[in-house]
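Data block for entry-v8.pdb (PDB, C-alpha atoms):
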```pdb
ATOM      1  CA  MET A 113      85.650 117.360 114.334  1.00  0.00           C
ATOM      2  CA  THR A 114      88.033 115.046 112.508  1.00  0.00           C
ATOM      3  CA  THR A 115      87.017 114.282 108.958  1.00  0.00           C
ATOM      4  CA  SER A 116      87.453 110.973 107.216  1.00  0.00           C
ATOM      5  CA  THR A 117      89.958 110.544 104.410  1.00  0.00           C
ATOM      6  CA  LEU A 118      87.751 107.868 102.899  1.00  0.00           C
ATOM      7  CA  PRO A 119      85.975 108.452  99.576  1.00  0.00           C
ATOM      8  CA  PRO A 120      82.205 108.955  99.517  1.00  0.00           C
ATOM      9  CA  VAL A 121      80.352 105.642  99.535  1.00  0.00           C
ATOM     10  CA  ALA A 122      78.419 106.577  96.376  1.00  0.00           C
ATOM     11  CA  ALA A 123      81.705 106.671  94.447  1.00  0.00           C
ATOM     12  CA  THR A 124      82.154 102.905  94.850  1.00  0.00           C
ATOM     13  CA  GLY A 125      78.994 101.877  92.978  1.00  0.00           C
ATOM     14  CA  LEU A 126      77.972  99.625  95.865  1.00  0.00           C
ATOM     15  CA  ARG A 127      74.605  99.417  97.534  1.00  0.00           C
ATOM     16  CA  LEU A 128      75.015  99.570 101.307  1.00  0.00           C
ATOM     17  CA  ARG A 129      72.109  98.793 103.583  1.00  0.00           C
ATOM     18  CA  LEU A 130      71.296  98.503 107.230  1.00  0.00           C
ATOM     19  CA  ASP A 131      70.563  94.804 107.437  1.00  0.00           C
ATOM     20  CA  ASP A 132      68.535  92.408 109.593  1.00  0.00           C
ATOM     21  CA  LEU A 133      70.961  89.494 109.008  1.00  0.00           C
ATOM     22  CA  SER A 134      68.206  87.270 107.600  1.00  0.00           C
ATOM     23  CA  ASP A 135      69.823  86.509 104.230  1.00  0.00           C
ATOM     24  CA  PRO A 136      71.637  83.124 104.410  1.00  0.00           C
ATOM     25  CA  ARG A 137      74.539  84.602 102.416  1.00  0.00           C
ATOM     26  CA  ILE A 138      75.289  86.827 105.397  1.00  0.00           C
ATOM     27  CA  ALA A 139      75.486  83.793 107.683  1.00  0.00           C
ATOM     28  CA  GLN A 140      77.911  82.170 105.237  1.00  0.00           C
ATOM     29  CA  LEU A 141      80.131  85.282 105.059  1.00  0.00           C
ATOM     30  CA  LEU A 142      80.175  85.527 108.846  1.00  0.00           C
ATOM     31  CA  GLU A 143      81.058  81.834 109.201  1.00  0.00           C
ATOM     32  CA  GLU A 144      84.004  82.403 106.841  1.00  0.00           C
ATOM     33  CA  HIS A 145      84.975  85.383 108.994  1.00  0.00           C
ATOM     34  CA  LEU A 146      84.843  83.341 112.203  1.00  0.00           C
ATOM     35  CA  ALA A 147      86.806  80.502 110.586  1.00  0.00           C
ATOM     36  CA  ASP A 148      89.577  82.911 109.571  1.00  0.00           C
ATOM     37  CA  MET A 149      89.669  84.430 113.057  1.00  0.00           C
ATOM     38  CA  ARG A 150      89.942  80.970 114.641  1.00  0.00           C
ATOM     39  CA  ALA A 151      92.675  79.979 112.179  1.00  0.00           C
ATOM     40  CA  THR A 152      94.811  83.048 112.926  1.00  0.00           C
ATOM     41  CA  SER A 153      94.341  83.577 116.679  1.00  0.00           C
ATOM     42  CA  PRO A 154      94.065  81.380 119.762  1.00  0.00           C
ATOM     43  CA  PRO A 155      90.496  80.879 121.061  1.00  0.00           C
ATOM     44  CA  GLU A 156      90.854  83.347 123.935  1.00  0.00           C
ATOM     45  CA  SER A 157      91.895  86.049 121.453  1.00  0.00           C
ATOM     46  CA  VAL A 158      88.990  85.628 119.011  1.00  0.00           C
ATOM     47  CA  HIS A 159      86.520  88.456 119.658  1.00  0.00           C
ATOM     48  CA  ALA A 160      84.431  88.147 116.471  1.00  0.00           C
ATOM     49  CA  LEU A 161      80.690  87.936 117.036  1.00  0.00           C
ATOM     50  CA  ASN A 162      78.462  85.181 115.719  1.00  0.00           C
ATOM     51  CA  LEU A 163      75.133  85.792 114.017  1.00  0.00           C
ATOM     52  CA  ASP A 164      73.083  85.707 117.235  1.00  0.00           C
ATOM     53  CA  LYS A 165      75.348  88.199 119.013  1.00  0.00           C
ATOM     54  CA  LEU A 166      75.151  90.541 116.024  1.00  0.00           C
ATOM     55  CA  ARG A 167      71.352  90.633 116.357  1.00  0.00           C
ATOM     56  CA  ARG A 168      71.487  92.450 119.692  1.00  0.00           C
ATOM     57  CA  PRO A 169      69.811  95.870 119.943  1.00  0.00           C
ATOM     58  CA  GLU A 170      73.068  97.733 120.619  1.00  0.00           C
ATOM     59  CA  ILE A 171      74.441  96.622 117.225  1.00  0.00           C
ATOM     60  CA  ARG A 172      73.759  98.121 113.799  1.00  0.00           C
ATOM     61  CA  PHE A 173      74.829  95.767 111.005  1.00  0.00           C
ATOM     62  CA  TRP A 174      75.525  96.951 107.443  1.00  0.00           C
ATOM     63  CA  THR A 175      76.047  94.955 104.266  1.00  0.00           C
ATOM     64  CA  ALA A 176      77.510  95.867 100.870  1.00  0.00           C
ATOM     65  CA  TRP A 177      75.995  94.467  97.664  1.00  0.00           C
ATOM     66  CA  ASP A 178      76.912  94.822  94.022  1.00  0.00           C
ATOM     67  CA  LYS A 179      74.446  95.666  91.248  1.00  0.00           C
ATOM     68  CA  GLN A 180      73.896  91.952  90.558  1.00  0.00           C
ATOM     69  CA  GLY A 181      72.829  91.316  94.154  1.00  0.00           C
ATOM     70  CA  GLU A 182      76.040  89.649  95.332  1.00  0.00           C
ATOM     71  CA  LEU A 183      77.058  90.162  98.948  1.00  0.00           C
ATOM     72  CA  LEU A 184      80.511  91.750  98.940  1.00  0.00           C
ATOM     73  CA  GLY A 185      81.083  92.727 102.542  1.00  0.00           C
ATOM     74  CA  CYS A 186      79.747  93.712 105.927  1.00  0.00           C
ATOM     75  CA  GLY A 187      80.497  95.545 109.130  1.00  0.00           C
ATOM     76  CA  ALA A 188      78.804  96.557 112.353  1.00  0.00           C
ATOM     77  CA  ILE A 189      78.754  99.237 115.006  1.00  0.00           C
ATOM     78  CA  LYS A 190      78.332  98.132 118.608  1.00  0.00           C
ATOM     79  CA  HIS A 191      77.279 100.950 120.918  1.00  0.00           C
ATOM     80  CA  LEU A 192      79.245 101.020 124.160  1.00  0.00           C
ATOM     81  CA  ALA A 193      78.937 103.362 127.132  1.00  0.00           C
ATOM     82  CA  GLY A 194      78.163 107.018 126.457  1.00  0.00           C
ATOM     83  CA  ALA A 195      79.146 108.266 123.005  1.00  0.00           C
ATOM     84  CA  HIS A 196      81.631 105.432 122.411  1.00  0.00           C
ATOM     85  CA  ALA A 197      81.123 102.637 119.870  1.00  0.00           C
ATOM     86  CA  GLU A 198      83.126  99.730 118.518  1.00  0.00           C
ATOM     87  CA  LEU A 199      83.568  98.468 114.969  1.00  0.00           C
ATOM     88  CA  LYS A 200      82.746  94.768 114.701  1.00  0.00           C
ATOM     89  CA  SER A 201      82.578  92.101 111.993  1.00  0.00           C
ATOM     90  CA  MET A 202      84.346  94.001 109.230  1.00  0.00           C
ATOM     91  CA  ARG A 203      84.617  91.507 106.394  1.00  0.00           C
ATOM     92  CA  THR A 204      85.058  91.621 102.623  1.00  0.00           C
ATOM     93  CA  ALA A 205      84.215  88.546 100.571  1.00  0.00           C
ATOM     94  CA  PRO A 206      87.466  87.039  99.232  1.00  0.00           C
ATOM     95  CA  ALA A 207      86.451  87.558  95.576  1.00  0.00           C
ATOM     96  CA  ALA A 208      85.805  91.262  96.248  1.00  0.00           C
ATOM     97  CA  ARG A 209      89.067  92.129  98.012  1.00  0.00           C
ATOM     98  CA  GLY A 210      91.062  94.986  96.570  1.00  0.00           C
ATOM     99  CA  ARG A 211      87.961  96.645  95.073  1.00  0.00           C
ATOM    100  CA  GLY A 212      87.284  99.225  97.796  1.00  0.00           C
ATOM    101  CA  VAL A 213      84.506  97.313  99.527  1.00  0.00           C
ATOM    102  CA  GLY A 214      86.094  97.477 102.989  1.00  0.00           C
ATOM    103  CA  ARG A 215      86.761 101.183 102.522  1.00  0.00           C
ATOM    104  CA  ALA A 216      83.125 101.792 101.507  1.00  0.00           C
ATOM    105  CA  VAL A 217      81.745  99.780 104.443  1.00  0.00           C
ATOM    106  CA  LEU A 218      84.032 101.597 106.855  1.00  0.00           C
ATOM    107  CA  ALA A 219      82.943 104.975 105.477  1.00  0.00           C
ATOM    108  CA  ARG A 220      79.273 104.008 105.891  1.00  0.00           C
ATOM    109  CA  LEU A 221      79.876 102.772 109.452  1.00  0.00           C
ATOM    110  CA  MET A 222      81.649 105.989 110.378  1.00  0.00           C
ATOM    111  CA  ASP A 223      78.846 108.099 108.869  1.00  0.00           C
ATOM    112  CA  ASP A 224      76.228 106.009 110.666  1.00  0.00           C
ATOM    113  CA  ALA A 225      78.107 106.283 113.964  1.00  0.00           C
ATOM    114  CA  ARG A 226      78.223 110.075 113.626  1.00  0.00           C
ATOM    115  CA  ALA A 227      74.489 110.148 112.862  1.00  0.00           C
ATOM    116  CA  GLN A 228      73.883 108.086 116.015  1.00  0.00           C
ATOM    117  CA  GLY A 229      75.811 110.610 118.147  1.00  0.00           C
ATOM    118  CA  VAL A 230      78.979 108.553 118.525  1.00  0.00           C
ATOM    119  CA  LYS A 231      82.022 110.702 119.330  1.00  0.00           C
ATOM    120  CA  ARG A 232      84.678 107.959 119.628  1.00  0.00           C
ATOM    121  CA  LEU A 233      84.923 104.831 117.489  1.00  0.00           C
ATOM    122  CA  SER A 234      87.287 102.033 118.536  1.00  0.00           C
ATOM    123  CA  LEU A 235      88.158  98.567 117.306  1.00  0.00           C
ATOM    124  CA  GLU A 236      90.043  95.397 118.131  1.00  0.00           C
ATOM    125  CA  THR A 237      91.661  93.365 115.390  1.00  0.00           C
ATOM    126  CA  GLY A 238      94.348  90.734 115.141  1.00  0.00           C
ATOM    127  CA  SER A 239      98.073  91.395 115.265  1.00  0.00           C
ATOM    128  CA  HIS A 240      99.251  88.790 112.740  1.00  0.00           C
ATOM    129  CA  ALA A 241     100.259  89.345 109.104  1.00  0.00           C
ATOM    130  CA  PHE A 242      96.777  88.276 107.941  1.00  0.00           C
ATOM    131  CA  PHE A 243      95.423  91.512 109.466  1.00  0.00           C
ATOM    132  CA  LYS A 244      97.959  93.939 107.901  1.00  0.00           C
ATOM    133  CA  PRO A 245      95.531  95.097 105.154  1.00  0.00           C
ATOM    134  CA  ALA A 246      92.960  95.903 107.848  1.00  0.00           C
ATOM    135  CA  HIS A 247      95.545  97.844 109.858  1.00  0.00           C
ATOM    136  CA  ALA A 248      96.407  99.900 106.770  1.00  0.00           C
ATOM    137  CA  LEU A 249      92.727 100.588 106.043  1.00  0.00           C
ATOM    138  CA  TYR A 250      92.045 101.751 109.592  1.00  0.00           C
ATOM    139  CA  ARG A 251      95.165 103.948 109.688  1.00  0.00           C
ATOM    140  CA  SER A 252      94.145 105.549 106.376  1.00  0.00           C
ATOM    141  CA  ALA A 253      90.785 106.418 107.976  1.00  0.00           C
ATOM    142  CA  GLY A 254      92.428 108.178 110.921  1.00  0.00           C
ATOM    143  CA  PHE A 255      92.448 105.370 113.486  1.00  0.00           C
ATOM    144  CA  GLU A 256      95.414 105.362 115.854  1.00  0.00           C
ATOM    145  CA  PRO A 257      96.735 102.721 118.241  1.00  0.00           C
ATOM    146  CA  CYS A 258      95.244 102.747 121.725  1.00  0.00           C
ATOM    147  CA  GLY A 259      95.055 100.521 124.750  1.00  0.00           C
ATOM    148  CA  PRO A 260      92.355  97.964 125.500  1.00  0.00           C
ATOM    149  CA  PHE A 261      88.848  99.323 126.006  1.00  0.00           C
ATOM    150  CA  GLU A 262      85.429  98.064 127.159  1.00  0.00           C
ATOM    151  CA  GLY A 263      86.539  94.868 128.884  1.00  0.00           C
ATOM    152  CA  TYR A 264      89.386  93.909 126.564  1.00  0.00           C
ATOM    153  CA  VAL A 265      92.803  93.183 128.104  1.00  0.00           C
ATOM    154  CA  GLU A 266      96.338  93.496 126.747  1.00  0.00           C
ATOM    155  CA  ASP A 267      96.906  90.607 124.358  1.00  0.00           C
ATOM    156  CA  PRO A 268      99.821  89.997 121.975  1.00  0.00           C
ATOM    157  CA  HIS A 269      97.274  88.714 119.435  1.00  0.00           C
ATOM    158  CA  SER A 270      95.235  91.940 119.480  1.00  0.00           C
ATOM    159  CA  VAL A 271      95.697  95.434 118.071  1.00  0.00           C
ATOM    160  CA  PHE A 272      93.467  98.178 119.478  1.00  0.00           C
ATOM    161  CA  MET A 273      92.759 101.364 117.546  1.00  0.00           C
ATOM    162  CA  THR A 274      90.503 104.379 118.018  1.00  0.00           C
ATOM    163  CA  ARG A 275      89.578 107.751 116.580  1.00  0.00           C
ATOM    164  CA  GLU A 276      87.358 110.669 117.391  1.00  0.00           C
ATOM    165  CA  LEU A 277      84.532 111.373 114.988  1.00  0.00           C
TER     166      LEU A 277
END
```
Would you mind writing the file out in structure tokens?
Amino acid sequence: MTTSTLPPVAATGLRLRLDDLSDPRIAQLLEEHLADMRATSPPESVHALNLDKLRRPEIRFWTAWDKQGELLGCGAIKHLAGAHAELKSMRTAPAARGRGVGRAVLARLMDDARAQGVKRLSLETGSHAFFKPAHALYRSAGFEPCGPFEGYVEDPHSVFMTREL
């Protein structure tokens, strides 16, 4: 079993919770996420999920909150075939960037995936400079480049990464 190089979630001082996506602040954060994806990639290369698609039973959605009740970030696990899952909708609120929120959400998602019996976790993200911090985060957590998976196709606007859990 490969272990994560990420710090324990408790060390960040955040409250992470499995969420039902009912809070309107989540919808706002996801709209910002979709707007950024549309601004950085052509329409056929935007694979971010909207609120309705994130409410599907194969998806577990997590949010990160500070002690004052502010939404700082989110991320999801989409179960694929067998023991394979995909990271989706990783987002840190702009005001919270650089504070370890993305790292904490990723650690929680990886722990949750393991608890759900996932053996391989993969992701698709953009290839442009906007996505370089995400690439660095994923590499630091043990993700490595891979080819397209689960219906994706080669795309110069996409980077695919995976890791065993």
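We find CA of Arg220 in chain A and CA of Arg129 in chain A to be spaced 9.2 Å apart.
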Next item on the list: I would like the residues chosen by the PyMOL selection byres ((chain A and resi 168-180) around 6) on the shown file; could you give them as a PyMOL selection string?
Entry: chain A and resi 126-131+165-167+181-191
Export of prior selection with C-alpha atoms as a PDB file, keeping the file's coordinate frame:
```pdb
ATOM      1  CA  LEU A 126      77.972  99.625  95.865  1.00  0.00           C
ATOM      2  CA  ARG A 127      74.605  99.417  97.534  1.00  0.00           C
ATOM      3  CA  LEU A 128      75.015  99.570 101.307  1.00  0.00           C
ATOM      4  CA  ARG A 129      72.109  98.793 103.583  1.00  0.00           C
ATOM      5  CA  LEU A 130      71.296  98.503 107.230  1.00  0.00           C
ATOM      6  CA  ASP A 131      70.563  94.804 107.437  1.00  0.00           C
ATOM      7  CA  LYS A 165      75.348  88.199 119.013  1.00  0.00           C
ATOM      8  CA  LEU A 166      75.151  90.541 116.024  1.00  0.00           C
ATOM      9  CA  ARG A 167      71.352  90.633 116.357  1.00  0.00           C
ATOM     10  CA  GLY A 181      72.829  91.316  94.154  1.00  0.00           C
ATOM     11  CA  GLU A 182      76.040  89.649  95.332  1.00  0.00           C
ATOM     12  CA  LEU A 183      77.058  90.162  98.948  1.00  0.00           C
ATOM     13  CA  LEU A 184      80.511  91.750  98.940  1.00  0.00           C
ATOM     14  CA  GLY A 185      81.083  92.727 102.542  1.00  0.00           C
ATOM     15  CA  CYS A 186      79.747  93.712 105.927  1.00  0.00           C
ATOM     16  CA  GLY A 187      80.497  95.545 109.130  1.00  0.00           C
ATOM     17  CA  ALA A 188      78.804  96.557 112.353  1.00  0.00           C
ATOM     18  CA  ILE A 189      78.754  99.237 115.006  1.00  0.00           C
ATOM     19  CA  LYS A 190      78.332  98.132 118.608  1.00  0.00           C
ATOM     20  CA  HIS A 191      77.279 100.950 120.918  1.00  0.00           C
TER      21      HIS A 191
END
```
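Proximity to Pro154 in chain A at 12 Å, evaluated using all atoms listed in the file and with sequence-adjacent residues fewer than 5 positions away removed, yields Ala147, Asp148, Met149, His159, Gly238, Ser239, His240, Asp267, Pro268, His269 and Ser270 of chain A.
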Margin query: I'd like the neighbourhood of Gly229 in chain A as a VMD selection string, where a residue qualifies if any of its atoms comes within 12 Å (using all atoms listed in the file), though same-chain residues fewer than 6 positions away should be ignored.
Written below: chain A and resid 191 to 197 222 to 223 276 to 277
Item checked: Gap from CA of Ala225 in chain A to CA of Arg275 in chain A - Å, one decimal -> 11.9 Å
Next item on the list: Would you mind reading off the distance between CA of Ala219 in chain A and CA of Thr237 in chain A, one decimal, in Å?
Entry: 17.6 Å
